[in-house]
Amino acid sequence: MGCLLMLCLVSPLLLATSVHGNPWYGYGYGLFPQFYDHSCPKAKEIVQSIVAQAVARETRMAASLVRLHFHDCFVKGCDASVLLDNSTTIISEKGSNPNMNSLRGFEVVDEIKAALEAACPGTVSCADILALAARDSTVLVGGPYWDVPLGRRDSLGASIQGSNNDIPAPNNTLPTIITKFKRQGLNIADVVALSGGHTIGMSRCTSFRQRLYNQSGNGMADYTLDVSYAAQLRQGCPRSGGDNNLFPLDFVSPAKFDNFYFKNILSGKGLLSSDQVLLTKSAETAALVKAYADDVNLFFKHFAQSMVNMGNISPLTGSQGEIRKNCRRLNNYYH
């Protein structure tokens with residue numbers, strides 16, 4: 001692959017910072033890490049403790065909670081809309097294509113919310129619970145720590161249409177994925193760094209089957225997929241059936257937050273098409289894949305920064321929205 005526009009000569013760090021108009025750690029939108037220091041001083045401690053118990057019970061929950069925050073933020077902003085159940089007035093985002101039979105961790109959020117309501121009634125939002133739980137999960141499995149800006153409020157509605165259309169999908173082309181990130185105010189560095197969240201967690205057979213059997217409509221496997229890895233995947237992911245069979249997104253260290261996700265991509269062993277295209281379809285994203293594979297500290301730094309960026313997507317603040325008492329329904333909930 002040739003070097004487009006001399007991008008190979010650009011330092012990935014420079015590339016990562018130059019696309020952003022604002023410095024990464026700017027706490028915009030009235031969010032700041034000390035938001036609950038007076039109103040609910042133990043809030044962060046309560047969240048961390050319950051997340052730690054949940055991850056101790058099941059390591060996979062760490063990835064599930066990171067993904068919950070991601071699927072929340074990409075639909076109407078980080079406003080906990082993803083947590084709302086169906087009601088007479090709401091069509092839940094839980095029923096969307098990306099989320100159905102896939103998104104999980106709701107019971108852990110319920111447990112956190114109940115503990116926070118007991119300690120500080122009507123104070124800590126469900127949206128902030130998701131942001132804190134994503135950070136705590138990352139740290140618990142060996143990833144970077146960052147200060148989470150707080151002060152988000154909870155939405156009064158949901159958008160199943162937004163959930164179906166705005167969340168990047170495993171089979172989206174790289175330009176489509178980049179466009180979906182840019183619509184949220186995120187750049188190419190955020191795309192690659194946040195994709196690195198796939199260093200933990202599992203994916204369903206249905207999310208990568210086409211790579212194994214019919215990637216471009218010619219009945220052939222994806223030529224960018226390592227042959228022996230593909231053969232291994234076919235054993236547990238048949239042409240039909242087994243849709244919900246689970247595979248680690250990072251087969252080397254599936255329970256540890258590290259940079260093997262990027263090393264795997266370099267050897268043709270990214271699980272999803274959306275993982276592998278970061279190397280094969282753009283010199284700009286490929287430069288970052290290589291940089292993160294080479295330097296785990298650079299990846300950790302960028303991942304933390306990009307999680308803050310993602311957490312800044314269109315929050316409700318001030319008197320907008322509400323602080324839900326139960327994350328699954330509005331305060332004025334009627335059956």
# chains A, B, ... in the order shown; residues from 1 in each chain; ligands from 1

call {"tool": "residues_around", "arguments": {"residues": "range 32-48 of chain A", "least_positions_apart": "6", "cutoff": "6 Å", "atoms": "only C-alpha atoms", "output": "CSV table (one decimal) with all heavy atoms, in the first residue's frame"}}
result
chain,number,residue,atom,x,y,z
A,112,ILE,N,-26.0,-0.3,40.5
A,112,ILE,CA,-25.3,0.9,40.8
A,112,ILE,C,-26.3,2.0,41.1
A,112,ILE,O,-26.2,2.8,42.1
A,112,ILE,CB,-24.4,1.4,39.6
A,112,ILE,CG1,-23.3,0.4,39.3
A,112,ILE,CG2,-23.8,2.8,39.8
A,112,ILE,CD1,-22.5,0.6,38.0
A,120,CYS,N,-27.6,9.0,47.9
A,120,CYS,CA,-27.9,10.4,47.5
A,120,CYS,C,-29.1,10.5,46.5
A,120,CYS,O,-28.9,10.5,45.3
A,120,CYS,CB,-26.7,11.1,46.7
A,120,CYS,SG,-25.1,10.5,47.2
A,136,ASP,N,-14.1,2.7,34.9
A,136,ASP,CA,-13.7,1.7,35.9
A,136,ASP,C,-13.5,0.3,35.3
A,136,ASP,O,-12.6,-0.4,35.8
A,136,ASP,CB,-14.8,1.6,37.0
A,136,ASP,CG,-14.9,2.9,37.8
A,136,ASP,OD1,-13.9,3.7,37.9
A,136,ASP,OD2,-16.0,3.2,38.4
A,148,VAL,N,-13.1,11.3,34.6
A,148,VAL,CA,-14.3,11.4,33.9
A,148,VAL,C,-15.0,12.7,34.1
A,148,VAL,O,-15.5,12.9,35.3
A,148,VAL,CB,-15.3,10.2,34.2
A,148,VAL,CG1,-16.6,10.3,33.4
A,148,VAL,CG2,-14.6,8.9,34.0
A,149,PRO,N,-15.2,13.5,33.1
A,149,PRO,CA,-16.0,14.7,33.3
A,149,PRO,C,-17.5,14.3,33.6
A,149,PRO,O,-18.0,13.4,33.0
A,149,PRO,CB,-15.9,15.5,32.0
A,149,PRO,CG,-14.7,14.9,31.3
A,149,PRO,CD,-14.6,13.5,31.8
A,150,LEU,N,-18.1,15.0,34.6
A,150,LEU,CA,-19.4,14.6,35.0
A,150,LEU,C,-20.4,15.8,35.0
A,150,LEU,O,-20.0,16.9,34.9
A,150,LEU,CB,-19.3,14.0,36.4
A,150,LEU,CG,-18.5,12.8,36.6
A,150,LEU,CD1,-18.2,12.5,38.0
A,150,LEU,CD2,-19.1,11.6,35.9
A,151,GLY,N,-21.7,15.5,35.1
A,151,GLY,CA,-22.7,16.5,35.1
A,151,GLY,C,-23.7,16.3,34.0
A,151,GLY,O,-24.5,17.2,33.7

call {"tool": "residues_around", "arguments": {"residues": "range 246-249 of chain A", "least_positions_apart": "2", "cutoff": "8 Å", "atoms": "only C-alpha atoms", "output": "PyMOL selection string"}}
result
chain A and resi 198-205+244+251+254+261+270-272

call {"tool": "write_last_selection", "arguments": {"atoms": "all heavy atoms", "output": "mmCIF file, in the first residue's frame"}}
result
data_model
loop_
_atom_site.group_PDB
_atom_site.id
_atom_site.type_symbol
_atom_site.label_atom_id
_atom_site.label_comp_id
_atom_site.auth_asym_id
_atom_site.auth_seq_id
_atom_site.Cartn_x
_atom_site.Cartn_y
_atom_site.Cartn_z
ATOM 1 N N HIS A 198 -11.663 -3.070 21.427
ATOM 2 C CA HIS A 198 -11.830 -4.488 21.069
ATOM 3 C C HIS A 198 -10.667 -5.352 21.550
ATOM 4 O O HIS A 198 -10.581 -6.518 21.203
ATOM 5 C CB HIS A 198 -12.012 -4.638 19.555
ATOM 6 C CG HIS A 198 -13.352 -4.182 19.073
ATOM 7 N ND1 HIS A 198 -13.687 -4.118 17.738
ATOM 8 C CD2 HIS A 198 -14.458 -3.768 19.754
ATOM 9 C CE1 HIS A 198 -14.936 -3.680 17.609
ATOM 10 N NE2 HIS A 198 -15.423 -3.455 18.819
ATOM 11 N N THR A 199 -9.789 -4.800 22.354
ATOM 12 C CA THR A 199 -8.765 -5.610 23.007
ATOM 13 C C THR A 199 -9.398 -6.502 24.078
ATOM 14 O O THR A 199 -8.781 -7.437 24.559
ATOM 15 C CB THR A 199 -7.669 -4.721 23.644
ATOM 16 O OG1 THR A 199 -6.765 -5.548 24.369
ATOM 17 C CG2 THR A 199 -8.243 -3.711 24.611
ATOM 18 N N ILE A 200 -10.648 -6.171 24.477
ATOM 19 C CA ILE A 200 -11.401 -7.023 25.400
ATOM 20 C C ILE A 200 -12.758 -7.322 24.776
ATOM 21 O O ILE A 200 -13.173 -6.645 23.830
ATOM 22 C CB ILE A 200 -11.595 -6.358 26.790
ATOM 23 C CG1 ILE A 200 -12.191 -4.944 26.641
ATOM 24 C CG2 ILE A 200 -10.282 -6.326 27.566
ATOM 25 C CD1 ILE A 200 -12.601 -4.285 27.959
ATOM 26 N N GLY A 201 -13.435 -8.340 25.297
ATOM 27 C CA GLY A 201 -14.800 -8.606 24.874
ATOM 28 C C GLY A 201 -14.937 -9.660 23.797
ATOM 29 O O GLY A 201 -13.950 -10.188 23.279
ATOM 30 N N MET A 202 -16.196 -9.956 23.489
ATOM 31 C CA MET A 202 -16.540 -11.040 22.573
ATOM 32 C C MET A 202 -17.417 -10.509 21.448
ATOM 33 O O MET A 202 -18.084 -9.491 21.582
ATOM 34 C CB MET A 202 -17.330 -12.130 23.314
ATOM 35 C CG MET A 202 -16.713 -12.577 24.630
ATOM 36 S SD MET A 202 -15.254 -13.601 24.397
ATOM 37 C CE MET A 202 -16.016 -15.190 24.185
ATOM 38 N N SER A 203 -17.411 -11.257 20.337
ATOM 39 C CA SER A 203 -18.278 -10.911 19.218
ATOM 40 C C SER A 203 -19.050 -12.152 18.785
ATOM 41 O O SER A 203 -18.547 -13.272 18.879
ATOM 42 C CB SER A 203 -17.436 -10.387 18.057
ATOM 43 O OG SER A 203 -18.261 -10.115 16.950
ATOM 44 N N ARG A 204 -20.257 -11.924 18.286
ATOM 45 C CA ARG A 204 -21.082 -13.042 17.821
ATOM 46 C C ARG A 204 -20.705 -13.438 16.400
ATOM 47 O O ARG A 204 -20.322 -12.588 15.588
ATOM 48 C CB ARG A 204 -22.558 -12.659 17.874
ATOM 49 C CG ARG A 204 -23.058 -12.353 19.287
ATOM 50 C CD ARG A 204 -24.549 -12.047 19.292
ATOM 51 N NE ARG A 204 -24.865 -10.915 18.441
ATOM 52 C CZ ARG A 204 -26.055 -10.730 17.877
ATOM 53 N NH1 ARG A 204 -27.024 -11.580 18.059
ATOM 54 N NH2 ARG A 204 -26.265 -9.656 17.126
ATOM 55 N N CYS A 205 -20.855 -14.708 16.110
ATOM 56 C CA CYS A 205 -20.586 -15.262 14.776
ATOM 57 C C CYS A 205 -21.264 -14.446 13.674
ATOM 58 O O CYS A 205 -20.676 -14.169 12.626
ATOM 59 C CB CYS A 205 -21.066 -16.715 14.761
ATOM 60 S SG CYS A 205 -21.251 -17.484 13.150
ATOM 61 N N ASN A 244 -25.240 -16.854 17.546
ATOM 62 C CA ASN A 244 -24.839 -16.261 18.824
ATOM 63 C C ASN A 244 -23.600 -16.905 19.438
ATOM 64 O O ASN A 244 -23.258 -16.597 20.581
ATOM 65 C CB ASN A 244 -26.009 -16.310 19.818
ATOM 66 C CG ASN A 244 -27.158 -15.412 19.367
ATOM 67 O OD1 ASN A 244 -26.930 -14.360 18.777
ATOM 68 N ND2 ASN A 244 -28.384 -15.830 19.615
ATOM 69 N N PHE A 251 -7.889 -12.598 20.312
ATOM 70 C CA PHE A 251 -7.725 -14.005 20.697
ATOM 71 C C PHE A 251 -6.466 -14.254 21.531
ATOM 72 O O PHE A 251 -6.350 -15.275 22.202
ATOM 73 C CB PHE A 251 -7.717 -14.906 19.447
ATOM 74 C CG PHE A 251 -6.435 -14.848 18.667
ATOM 75 C CD1 PHE A 251 -5.439 -15.798 18.853
ATOM 76 C CD2 PHE A 251 -6.212 -13.824 17.739
ATOM 77 C CE1 PHE A 251 -4.244 -15.727 18.150
ATOM 78 C CE2 PHE A 251 -5.022 -13.749 17.038
ATOM 79 C CZ PHE A 251 -4.036 -14.703 17.241
ATOM 80 N N PRO A 254 -7.753 -12.054 25.575
ATOM 81 C CA PRO A 254 -9.130 -11.546 25.513
ATOM 82 C C PRO A 254 -9.625 -10.848 26.780
ATOM 83 O O PRO A 254 -10.561 -10.056 26.714
ATOM 84 C CB PRO A 254 -9.965 -12.794 25.236
ATOM 85 C CG PRO A 254 -9.102 -13.957 25.571
ATOM 86 C CD PRO A 254 -7.691 -13.512 25.391
ATOM 87 N N TYR A 261 -4.713 -6.233 20.279
ATOM 88 C CA TYR A 261 -5.702 -5.999 19.217
ATOM 89 C C TYR A 261 -5.014 -5.457 17.964
ATOM 90 O O TYR A 261 -5.267 -5.928 16.847
ATOM 91 C CB TYR A 261 -6.759 -5.021 19.730
ATOM 92 C CG TYR A 261 -7.645 -4.418 18.661
ATOM 93 C CD1 TYR A 261 -8.725 -5.115 18.149
ATOM 94 C CD2 TYR A 261 -7.399 -3.127 18.171
ATOM 95 C CE1 TYR A 261 -9.545 -4.553 17.173
ATOM 96 C CE2 TYR A 261 -8.215 -2.560 17.211
ATOM 97 C CZ TYR A 261 -9.281 -3.281 16.708
ATOM 98 O OH TYR A 261 -10.082 -2.724 15.747
ATOM 99 N N GLY A 270 -7.407 -9.611 12.733
ATOM 100 C CA GLY A 270 -8.509 -8.820 13.281
ATOM 101 C C GLY A 270 -9.783 -9.610 13.048
ATOM 102 O O GLY A 270 -9.957 -10.206 11.983
ATOM 103 N N LEU A 271 -10.676 -9.680 14.037
ATOM 104 C CA LEU A 271 -11.865 -10.529 13.895
ATOM 105 C C LEU A 271 -12.919 -9.926 12.963
ATOM 106 O O LEU A 271 -13.407 -10.587 12.053
ATOM 107 C CB LEU A 271 -12.487 -10.794 15.268
ATOM 108 C CG LEU A 271 -13.693 -11.736 15.273
ATOM 109 C CD1 LEU A 271 -13.317 -13.122 14.778
ATOM 110 C CD2 LEU A 271 -14.310 -11.825 16.665
ATOM 111 N N LEU A 272 -13.247 -8.670 13.181
ATOM 112 C CA LEU A 272 -14.299 -8.028 12.391
ATOM 113 C C LEU A 272 -13.703 -7.347 11.164
ATOM 114 O O LEU A 272 -12.554 -6.909 11.179
ATOM 115 C CB LEU A 272 -15.018 -6.974 13.233
ATOM 116 C CG LEU A 272 -15.585 -7.432 14.583
ATOM 117 C CD1 LEU A 272 -16.236 -6.265 15.309
ATOM 118 C CD2 LEU A 272 -16.582 -8.563 14.390
#

call {"tool": "residues_around", "arguments": {"residues": "Ser137 in chain A", "least_positions_apart": "2", "cutoff": "7 Å", "atoms": "only C-alpha atoms", "output": "PyMOL selection string"}}
result
chain A and resi 51+62+65-66+133-135+139-141

call {"tool": "closest_atom_pairs", "arguments": {"of": "range 137-171 of chain A", "to": "range 77-98 of chain A", "cutoff": "7 Å", "atoms": "only C-alpha atoms", "output": "tab-separated table"}}
result
residue	atom	partner	partner_atom	distance
A:Arg152	CA	A:Asp79	CA	6.8
A:Arg153	CA	A:Asp79	CA	6.2
A:Asp154	CA	A:Asp79	CA	4.8
A:Ser155	CA	A:Asp79	CA	5.2
A:Gly157	CA	A:Ser81	CA	6.3
A:Ala158	CA	A:Ser81	CA	4.9
A:Ser159	CA	A:Glu93	CA	6.1
A:Ile160	CA	A:Glu93	CA	4.5
A:Ser163	CA	A:Ser96	CA	6.1
A:Asn164	CA	A:Ser96	CA	5.6

call {"tool": "atom_distance", "arguments": {"atom1": "CA of Ala293 in chain A", "atom2": "CA of Phe260 in chain A"}}
result
7.0 Å

call {"tool": "residues_around", "arguments": {"residues": "Lys180 in chain A", "least_positions_apart": "4", "cutoff": "8 Å", "atoms": "only C-alpha atoms", "output": "PyMOL selection string"}}
result
chain A and resi 166-168+176+184

call {"tool": "residues_around", "arguments": {"residues": "Thr280 in chain A", "least_positions_apart": "5", "cutoff": "10 Å", "atoms": "only C-alpha atoms", "output": "list in words"}}
result
Met1, Leu174, Thr224, Ile265, Leu266, Gly268, Asp275, Thr285 and Ala286 of chain A

call {"tool": "write_last_selection", "arguments": {"atoms": "N, CA and C atoms", "output": "PDB file, in the first residue's frame"}}
result
ATOM      1  N   MET A   1       0.837  -1.188   0.000  1.00  0.00           N
ATOM      2  CA  MET A   1       0.000   0.000   0.000  1.00  0.00           C
ATOM      3  C   MET A   1       0.875   1.243   0.000  1.00  0.00           C
ATOM      4  N   LEU A 174     -14.793   1.485   5.764  1.00  0.00           N
ATOM      5  CA  LEU A 174     -14.050   2.443   6.583  1.00  0.00           C
ATOM      6  C   LEU A 174     -14.552   3.880   6.385  1.00  0.00           C
ATOM      7  N   THR A 224      -7.998 -10.656   3.201  1.00  0.00           N
ATOM      8  CA  THR A 224      -7.130  -9.996   4.190  1.00  0.00           C
ATOM      9  C   THR A 224      -7.112 -10.767   5.520  1.00  0.00           C
ATOM     10  N   ILE A 265      -4.164  -7.291  14.223  1.00  0.00           N
ATOM     11  CA  ILE A 265      -4.542  -6.706  12.925  1.00  0.00           C
ATOM     12  C   ILE A 265      -3.352  -6.747  11.965  1.00  0.00           C
ATOM     13  N   LEU A 266      -2.168  -6.447  12.484  1.00  0.00           N
ATOM     14  CA  LEU A 266      -0.966  -6.451  11.634  1.00  0.00           C
ATOM     15  C   LEU A 266      -0.664  -7.846  11.079  1.00  0.00           C
ATOM     16  N   GLY A 268      -3.083  -9.999  10.195  1.00  0.00           N
ATOM     17  CA  GLY A 268      -4.273 -10.475   9.477  1.00  0.00           C
ATOM     18  C   GLY A 268      -5.258 -11.200  10.370  1.00  0.00           C
ATOM     19  N   ASP A 275     -12.414  -4.053  12.018  1.00  0.00           N
ATOM     20  CA  ASP A 275     -11.091  -4.034  12.649  1.00  0.00           C
ATOM     21  C   ASP A 275     -10.000  -4.046  11.573  1.00  0.00           C
ATOM     22  N   THR A 285      -5.145   5.641   8.905  1.00  0.00           N
ATOM     23  CA  THR A 285      -5.509   4.745  10.010  1.00  0.00           C
ATOM     24  C   THR A 285      -4.434   3.674  10.210  1.00  0.00           C
ATOM     25  N   ALA A 286      -3.837   3.201   9.120  1.00  0.00           N
ATOM     26  CA  ALA A 286      -2.784   2.178   9.227  1.00  0.00           C
ATOM     27  C   ALA A 286      -1.590   2.685  10.034  1.00  0.00           C
TER      28      ALA A 286
END

call {"tool": "residues_around", "arguments": {"residues": "Glu107 in chain A", "least_positions_apart": "6", "cutoff": "12 Å", "atoms": "only C-alpha atoms", "output": "VMD selection string"}}
result
chain A and resid 50 to 51 54 61 64 to 65 68 83 113 to 114 326 to 328

call {"tool": "select_by_dssp", "arguments": {"residues": "range 10-156 of chain A", "states": "strand (DSSP E or B)", "output": "VMD selection string"}}
result
chain A and resid 32 150 153 to 154

call {"tool": "write_last_selection", "arguments": {"atoms": "C-alpha atoms", "output": "CSV table (one decimal), in the first residue's frame"}}
result
chain,number,residue,atom,x,y,z
A,32,PHE,CA,-16.2,18.4,35.1
A,150,LEU,CA,-19.4,14.6,35.0
A,153,ARG,CA,-28.4,14.5,32.7
A,154,ASP,CA,-30.8,11.8,31.5

call {"tool": "closest_residue", "arguments": {"among": "A:Ser319, A:Thr138, A:Ser49, A:Asn99", "to": "Glu111 in chain A", "atoms": "only C-alpha atoms"}}
result
A:Ser49

call {"tool": "select_by_dssp", "arguments": {"residues": "range 202-323 of chain A", "states": "helix (DSSP H, G or I)", "output": "count of residues only"}}
result
61

call {"tool": "atom_distance", "arguments": {"atom1": "CA of Gly242 in chain A", "atom2": "CA of Pro170 in chain A"}}
result
17.5 Å

call {"tool": "closest_residue", "arguments": {"among": "A:Ala127, A:Asn101, A:Tyr292, A:Gln53", "to": "Asn312 in chain A", "atoms": "only C-alpha atoms"}}
result
A:Ala127

call {"tool": "closest_residue", "arguments": {"among": "A:Thr317, A:Asn297, A:Thr206, A:Ser306", "to": "Asp190 in chain A", "atoms": "only C-alpha atoms"}}
result
A:Ser306

call {"tool": "residues_around", "arguments": {"residues": "Phe181 in chain A", "least_positions_apart": "3", "cutoff": "12 Å", "atoms": "only C-alpha atoms", "output": "list in words"}}
result
Phe70, Cys73, Phe74, Val75, Asp166, Ile167, Pro168, Ala169, Leu174, Pro175, Thr176, Ile177, Ile178, Gln184, Gly185, Leu186, Asn187, Ile188, Ala189, Asp190, Val191, Val192, Ala193, Leu194, Ser195, Ser306, Asn309, Met310 and Ile313 of chain A

call {"tool": "atom_distance", "arguments": {"atom1": "CA of Leu31 in chain A", "atom2": "CA of Arg60 in chain A"}}
result
29.1 Å

call {"tool": "closest_residue", "arguments": {"among": "A:Gly318, A:Pro238, A:Gly162, A:Gly196", "to": "Asp72 in chain A", "atoms": "only C-alpha atoms"}}
result
A:Gly162

call {"tool": "closest_residue", "arguments": {"among": "A:Leu116, A:Ala255, A:Gln232, A:Lys301", "to": "Val55 in chain A", "atoms": "only C-alpha atoms"}}
result
A:Ala255

call {"tool": "decode", "arguments": {"residues": "range 87-165 of chain A", "atoms": "C-alpha atoms", "output": "PDB file, in the first residue's frame"}}
result
ATOM      1  CA  SER A  87     -43.302   1.917  27.379  1.00  0.00           C
ATOM      2  CA  THR A  88     -46.438   3.488  25.945  1.00  0.00           C
ATOM      3  CA  THR A  89     -44.397   6.522  24.901  1.00  0.00           C
ATOM      4  CA  ILE A  90     -40.966   4.992  24.210  1.00  0.00           C
ATOM      5  CA  ILE A  91     -39.656   2.528  21.652  1.00  0.00           C
ATOM      6  CA  SER A  92     -36.529   1.222  23.353  1.00  0.00           C
ATOM      7  CA  GLU A  93     -33.115   1.365  21.677  1.00  0.00           C
ATOM      8  CA  LYS A  94     -32.557  -2.105  23.148  1.00  0.00           C
ATOM      9  CA  GLY A  95     -34.531  -3.522  20.204  1.00  0.00           C
ATOM     10  CA  SER A  96     -32.286  -2.018  17.494  1.00  0.00           C
ATOM     11  CA  ASN A  97     -30.128  -4.143  15.185  1.00  0.00           C
ATOM     12  CA  PRO A  98     -26.826  -3.319  16.954  1.00  0.00           C
ATOM     13  CA  ASN A  99     -28.308  -3.869  20.429  1.00  0.00           C
ATOM     14  CA  MET A 100     -30.810  -6.722  20.283  1.00  0.00           C
ATOM     15  CA  ASN A 101     -29.506 -10.010  21.782  1.00  0.00           C
ATOM     16  CA  SER A 102     -26.167  -8.262  22.110  1.00  0.00           C
ATOM     17  CA  LEU A 103     -26.031  -5.238  24.424  1.00  0.00           C
ATOM     18  CA  ARG A 104     -25.702  -6.246  28.082  1.00  0.00           C
ATOM     19  CA  GLY A 105     -24.829  -4.962  31.545  1.00  0.00           C
ATOM     20  CA  PHE A 106     -28.226  -3.395  32.306  1.00  0.00           C
ATOM     21  CA  GLU A 107     -28.567  -5.241  35.627  1.00  0.00           C
ATOM     22  CA  VAL A 108     -25.196  -3.912  36.783  1.00  0.00           C
ATOM     23  CA  VAL A 109     -26.373  -0.373  36.001  1.00  0.00           C
ATOM     24  CA  ASP A 110     -29.587  -1.057  37.982  1.00  0.00           C
ATOM     25  CA  GLU A 111     -27.497  -2.189  40.943  1.00  0.00           C
ATOM     26  CA  ILE A 112     -25.297   0.934  40.779  1.00  0.00           C
ATOM     27  CA  LYS A 113     -28.346   3.192  40.478  1.00  0.00           C
ATOM     28  CA  ALA A 114     -30.076   1.587  43.480  1.00  0.00           C
ATOM     29  CA  ALA A 115     -26.957   2.084  45.624  1.00  0.00           C
ATOM     30  CA  LEU A 116     -26.604   5.724  44.509  1.00  0.00           C
ATOM     31  CA  GLU A 117     -30.300   6.440  45.150  1.00  0.00           C
ATOM     32  CA  ALA A 118     -29.887   5.047  48.666  1.00  0.00           C
ATOM     33  CA  ALA A 119     -26.839   7.257  49.291  1.00  0.00           C
ATOM     34  CA  CYS A 120     -27.895  10.446  47.453  1.00  0.00           C
ATOM     35  CA  PRO A 121     -31.478  10.339  46.145  1.00  0.00           C
ATOM     36  CA  GLY A 122     -32.144  12.011  42.783  1.00  0.00           C
ATOM     37  CA  THR A 123     -28.573  13.216  42.359  1.00  0.00           C
ATOM     38  CA  VAL A 124     -26.369  11.075  40.088  1.00  0.00           C
ATOM     39  CA  SER A 125     -27.553  10.603  36.509  1.00  0.00           C
ATOM     40  CA  CYS A 126     -27.714   7.298  34.664  1.00  0.00           C
ATOM     41  CA  ALA A 127     -25.653   8.902  31.878  1.00  0.00           C
ATOM     42  CA  ASP A 128     -22.840   9.624  34.336  1.00  0.00           C
ATOM     43  CA  ILE A 129     -23.095   6.083  35.725  1.00  0.00           C
ATOM     44  CA  LEU A 130     -22.381   4.772  32.205  1.00  0.00           C
ATOM     45  CA  ALA A 131     -19.379   7.094  31.780  1.00  0.00           C
ATOM     46  CA  LEU A 132     -17.891   6.121  35.158  1.00  0.00           C
ATOM     47  CA  ALA A 133     -18.584   2.394  34.704  1.00  0.00           C
ATOM     48  CA  ALA A 134     -16.796   2.435  31.315  1.00  0.00           C
ATOM     49  CA  ARG A 135     -13.696   4.019  32.899  1.00  0.00           C
ATOM     50  CA  ASP A 136     -13.727   1.712  35.938  1.00  0.00           C
ATOM     51  CA  SER A 137     -14.146  -1.356  33.708  1.00  0.00           C
ATOM     52  CA  THR A 138     -11.172  -0.339  31.579  1.00  0.00           C
ATOM     53  CA  VAL A 139      -8.940   0.110  34.626  1.00  0.00           C
ATOM     54  CA  LEU A 140     -10.051  -3.180  36.232  1.00  0.00           C
ATOM     55  CA  VAL A 141      -8.837  -5.218  33.244  1.00  0.00           C
ATOM     56  CA  GLY A 142      -5.486  -3.434  33.015  1.00  0.00           C
ATOM     57  CA  GLY A 143      -6.265  -0.387  30.887  1.00  0.00           C
ATOM     58  CA  PRO A 144      -5.608   3.330  31.440  1.00  0.00           C
ATOM     59  CA  TYR A 145      -7.249   5.574  34.029  1.00  0.00           C
ATOM     60  CA  TRP A 146      -8.747   8.955  33.131  1.00  0.00           C
ATOM     61  CA  ASP A 147     -10.707  11.578  35.015  1.00  0.00           C
ATOM     62  CA  VAL A 148     -14.320  11.375  33.865  1.00  0.00           C
ATOM     63  CA  PRO A 149     -16.016  14.747  33.313  1.00  0.00           C
ATOM     64  CA  LEU A 150     -19.439  14.581  35.016  1.00  0.00           C
ATOM     65  CA  GLY A 151     -22.698  16.519  35.096  1.00  0.00           C
ATOM     66  CA  ARG A 152     -24.664  14.837  32.296  1.00  0.00           C
ATOM     67  CA  ARG A 153     -28.417  14.547  32.720  1.00  0.00           C
ATOM     68  CA  ASP A 154     -30.764  11.837  31.479  1.00  0.00           C
ATOM     69  CA  SER A 155     -32.878  11.973  28.330  1.00  0.00           C
ATOM     70  CA  LEU A 156     -36.668  12.108  28.203  1.00  0.00           C
ATOM     71  CA  GLY A 157     -36.788   9.870  25.124  1.00  0.00           C
ATOM     72  CA  ALA A 158     -35.017   7.293  22.992  1.00  0.00           C
ATOM     73  CA  SER A 159     -34.295   6.851  19.286  1.00  0.00           C
ATOM     74  CA  ILE A 160     -34.389   3.347  17.825  1.00  0.00           C
ATOM     75  CA  GLN A 161     -33.882   4.942  14.393  1.00  0.00           C
ATOM     76  CA  GLY A 162     -30.710   6.662  15.599  1.00  0.00           C
ATOM     77  CA  SER A 163     -29.540   3.414  17.141  1.00  0.00           C
ATOM     78  CA  ASN A 164     -30.057   1.564  13.847  1.00  0.00           C
ATOM     79  CA  ASN A 165     -28.395   4.257  11.728  1.00  0.00           C
TER      80      ASN A 165
END
